[in-house]
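Student: The structure is given below, and queries will be raised subsequently.
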Amino acid sequence: METTGFRLARRAFAALTAVALVSAFGAFGASSAAAEERFVMVSHGSDSNAWWNTVKNGMRDASEDFNVPVDYRNPPGGDTGDMVRILEQASARNYAGVITTVPNVEMIDKGLAGVKAKHIPLITINGGPKDGMKVGAMLHVGQPEYEAGKAAGERAKTAGIRNFLCVNHGADIQALWDRCKGFADALGVDYKKSTLDSGEDPTLIASKVAAWLRAHPDTQAILALGPDQAMGVLRGVKDAGRSGKIYVATFDLSPDILKAIQSGQVAFAIDQQPYLQGYLSVAAMAIAVRDKTNDPARIVAALKSDKKVAARLDKYGLKPVYTGSTVSSGPSFVTRDNLAVVQQYAGSYR
């Protein structure tokens with residue numbers, strides 16, 4: 001069903017002449033109508049990375065709540081170059097709004113050239129807000145990655161950890177390096193010397209981790225940057241004969257990670273509440289188009305007061321932090337102590 005805001009935008013566009021609009025508001029309204037009220041979300045997540053399913057669940061719920069269709073696009077193999085081409089295609093299709101991750105600022109900015117030239121509203125998700133602002137986003141929904149990594153490192157330091165291995169499954173993704181660096185800075189070690197370029201395949205990760213532990217027997221801890229990769233880390237620890245002797249932590253949740261926390265194999269997981277990245281970005285874009293605004297303060301205020309948004313957050317126990325032009329979705333920490341709170345929805349909504 002077509003909303004009142006979208007009908008008004010369409011009628012406004014039909015009345016426009018070929019004269020170029022000079023105001024940002026005018027360009028915003030024109031691009032919204034031309035796209036026939038459809039958004040696109042573009043992520044760098046590969047088809048094999050199940051973590052993104054929770055983001056997509058949030059996207060679909062917001063699509064339903066705000067009555068606007070949303071396409072999800074991603075490079076099947078997680079290649080950033082392929083993602084650039086997808087963003088270029090998004091511009092050609094004249095979507096009403098574009099939501100994207102920013103794994104590499106320079107490359108994504110290039111891919112967004114057409115989007116910005118057509119004044120298509122842009123929201124970024126995942127990672128910290130700095131890169132989103134660099135590519136011209138009006139709002140960002142995600143987790144400040146360096147700060148999350150540092151908070152995790154401080155937690156490990158309190159547990160007596162002095163050195164670690166960071167298993168980086170995406171060497172071309174800046175947010176992952178930020179996680180490693182934050183953890184390393186908390187411990188006071190060199191993050192580059194403590195990082196392993198692992199690739200995404202858990203089997204290959206297991207092999208590389210086992211080899212690292214045999215070559216570096218003094219390693220105390222391992223930080224994984226995703227749940228699938230963490231399971232590969234655990235297999236590598238076992239293969240190296242170090243089960244129960246390595247402090248393992250990971251970013252993000254899955255049912256297997258919760259089991260590993262319960263059993264003591266994983267000390268904690270950093271939860272960036274991915275559902276919020278999918279849901280709030282689509283909700284914010286719908287509000288921006290409906291209210292004809294690119295003012296982040298107005299958009300955030302509308303998010304905070306919207307009853308449908310509040311109902312979703314309450315249902316899944318999610319807690320975003322609203323600050324200016326950003327919405328922080330994390331970090332929060334999942335340990336044995338608070339495990340029961342997230343178990344019901346892990347892998348789907350948490």
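By convention here, the chains of the structure tokens are called A, B, ... in the order presented, each chain's residues are numbered starting at 1, and ligands are numbered starting at 1 in the order presented.
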Can you tell me, as a list in words, what residues are no more than 10 Å from Glu154 (chain A) when counting only C-alpha atoms, ignoring any on the same chain fewer than 6 positions away?

Tutor: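 Contacts, in chain order: Ala148, Gly160, Ile161, Gly182, Phe183, Ala184, Asp185, Ala186 and Leu187 of chain A.
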
Student: Identify, on the basis of only C-alpha atoms, every residue whose closest approach to region 280-287 of chain A does not exceed 8 Å; exclude the query and any residue fewer than 6 positions from it along the same chain; express the result as number ranges by chain.

Tutor: A: 58-59, 62-63, 66, 68, 97, 99, 121, 123-125, 140-141, 299-300, 302-303, 309

Student: Go ahead and dump the residues you just picked, N, CA and C atoms, as a short mmCIF file (atom, residue, chain, number, x, y, z; two decimals), in the first residue's frame.

Tutor:
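again.cif was written with the following content:
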data_model
loop_
_atom_site.label_atom_id
_atom_site.label_comp_id
_atom_site.auth_asym_id
_atom_site.auth_seq_id
_atom_site.Cartn_x
_atom_site.Cartn_y
_atom_site.Cartn_z
N GLY A 58 16.21 -7.80 10.24
CA GLY A 58 15.85 -6.45 10.65
C GLY A 58 15.36 -5.62 9.48
N MET A 59 16.05 -5.74 8.35
CA MET A 59 15.65 -5.03 7.14
C MET A 59 14.23 -5.41 6.72
N ALA A 62 11.53 -3.97 9.12
CA ALA A 62 11.33 -2.54 8.90
C ALA A 62 10.59 -2.29 7.60
N SER A 63 10.90 -3.10 6.59
CA SER A 63 10.18 -2.99 5.31
C SER A 63 8.69 -3.20 5.53
N PHE A 66 7.18 -0.19 7.85
CA PHE A 66 7.09 1.12 7.20
C PHE A 66 6.57 1.03 5.76
N VAL A 68 7.53 -0.24 2.83
CA VAL A 68 8.36 0.15 1.69
C VAL A 68 9.23 -1.05 1.30
N GLY A 97 16.30 5.43 -1.87
CA GLY A 97 17.28 5.54 -0.80
C GLY A 97 18.27 4.40 -0.89
N ILE A 99 21.23 2.28 1.28
CA ILE A 99 21.84 1.94 2.57
C ILE A 99 23.03 1.04 2.26
N PRO A 121 19.18 9.85 -1.23
CA PRO A 121 19.49 9.79 0.21
C PRO A 121 20.35 8.57 0.55
N ILE A 123 22.30 6.32 3.72
CA ILE A 123 22.54 5.93 5.12
C ILE A 123 23.56 4.81 5.11
N THR A 124 24.50 4.83 6.05
CA THR A 124 25.49 3.77 6.14
C THR A 124 25.26 2.94 7.40
N ILE A 125 25.69 1.68 7.34
CA ILE A 125 25.54 0.77 8.47
C ILE A 125 26.82 -0.01 8.68
N HIS A 140 24.25 7.26 10.32
CA HIS A 140 24.97 5.98 10.39
C HIS A 140 24.42 5.14 11.52
N VAL A 141 24.27 3.85 11.26
CA VAL A 141 23.83 2.91 12.29
C VAL A 141 24.87 1.80 12.39
N ILE A 299 15.44 12.90 12.21
CA ILE A 299 15.24 11.47 11.93
C ILE A 299 15.37 10.66 13.22
N VAL A 300 16.40 10.96 14.00
CA VAL A 300 16.63 10.24 15.26
C VAL A 300 15.46 10.48 16.23
N ALA A 302 12.40 11.09 15.45
CA ALA A 302 11.26 10.32 14.97
C ALA A 302 11.42 8.83 15.27
N LEU A 303 12.64 8.32 15.16
CA LEU A 303 12.90 6.92 15.50
C LEU A 303 12.58 6.66 16.97
N VAL A 309 8.80 1.07 16.11
CA VAL A 309 10.22 0.88 16.44
C VAL A 309 10.35 0.43 17.89
#

Student: Record the distance separating CA of Met83 (chain A) and CA of Arg179 (chain A), expressed in Å with one decimal.

Tutor: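 Going from CA of Met83 (chain A) over to CA of Arg179 (chain A), I get 22.0 Å.
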
Student: Using only C-alpha atoms, which of the listed residues (A:Gly78, A:Arg350, A:Lys157, A:Phe251) sits closest to Gly188 (chain A)?

Tutor: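 Nearest to Gly188 (chain A): A:Lys157.
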
Student: Tell me which of A:Asn338, A:Thr54, A:Gln229, A:Ser48 sits closest to Ser207 (chain A), counting only C-alpha atoms.

Tutor: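 Using only C-alpha atoms, the shortest distance to Ser207 (chain A) belongs to A:Gln229.
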
Student: Quick check for you: according to DSSP on this backbone, which residues of region 89-333 of chain A are classed as alpha helix (DSSP H)? Reply as number ranges by chain.

Tutor: A: 89-92, 105-111, 113-117, 129-134, 145-158, 174-187, 202-215, 227-239, 255-263, 274-291, 296-305, 307-316

Student: How close does region 42-67 of chain A get to region 166-169 of chain A? List, as JSON lines, each residue of region 42-67 of chain A within 12 Å, its nearest atom pair and the distance in Å to one decimal, counting only C-alpha atoms.

Tutor:
{"residue": "A:Gly45", "atom": "CA", "partner": "A:His169", "partner_atom": "CA", "distance": 11.6}
{"residue": "A:Ser46", "atom": "CA", "partner": "A:His169", "partner_atom": "CA", "distance": 11.6}
{"residue": "A:Asn49", "atom": "CA", "partner": "A:His169", "partner_atom": "CA", "distance": 10.9}

Student: Could you write out that same residue set with N, CA and C atoms as a CSV table (one decimal), in the first residue's frame?

Tutor:
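Final output, saved to out_36.csv:
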chain,number,residue,atom,x,y,z
A,45,GLY,N,29.0,-8.4,3.0
A,45,GLY,CA,28.9,-9.7,3.5
A,45,GLY,C,28.8,-10.8,2.4
A,46,SER,N,29.6,-11.8,2.4
A,46,SER,CA,29.6,-12.9,1.4
A,46,SER,C,28.4,-13.7,1.6
A,49,ASN,N,28.6,-16.0,4.7
A,49,ASN,CA,28.6,-15.4,6.1
A,49,ASN,C,27.2,-15.3,6.6

Student: Of the candidates A:Val115, A:Leu87, A:Leu258, A:Met133, which shows the shortest atom-to-atom distance to Gln344 (chain A), using only C-alpha atoms?

Tutor: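 The shortest atom-to-atom distance to Gln344 (chain A) comes from A:Leu258.
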
Student: Taking into account only C-alpha atoms, which residue in the set A:Gln272, A:Asn163, A:Ser254, A:Thr158 is nearest to Ser329 (chain A)?

Tutor: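 Looking at the shortest contact to Ser329 (chain A), the residue is A:Gln272.
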
Student: Go through A:Ala269, A:Ala297, A:Leu139, A:Val98 and flag the residue nearest Glu37 (chain A), using only C-alpha atoms for the distances.

Tutor: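 The shortest atom-to-atom distance to Glu37 (chain A) comes from A:Val98.
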
Student: Take CA of Glu88 (chain A) and CA of Gly111 (chain A) and report the distance between them in Å, one decimal.

Tutor: 5.4 Å

Student: Once DSSP has gone over the backbone, tell me which residues of region 94-283 of chain A are in strand (DSSP E or B), as an MDAnalysis selection string.

Tutor: chainID A and resid 97:100 122:125 139:142 164:168 195:197 221:224 247:251 268:271

Student: Fewer than 4 positions away in the same chain doesn't count, so skip those; otherwise give me all residues within 10 Å of Gln89 (chain A), counting only C-alpha atoms, as number ranges by chain.

Tutor: A: 83-85, 93-95, 111-112, 114-115

Student: Kindly export the residues of the current selection with C-alpha atoms, as a compact mmCIF listing (two decimals), in the first residue's frame.

Tutor:
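Generated output (result.txt):
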# COMPACT_ATOMS: atom_id res chain seq x y z
CA MET A 83 30.39 -4.24 -4.18
CA VAL A 84 31.46 -1.07 -5.99
CA ARG A 85 29.79 -2.33 -9.16
CA ARG A 93 18.16 2.08 -10.96
CA ASN A 94 17.36 5.37 -9.22
CA TYR A 95 16.40 3.94 -5.83
CA GLY A 111 30.92 3.36 -6.13
CA LEU A 112 28.62 6.03 -4.65
CA GLY A 114 26.32 8.24 -9.13
CA VAL A 115 24.21 8.04 -5.98
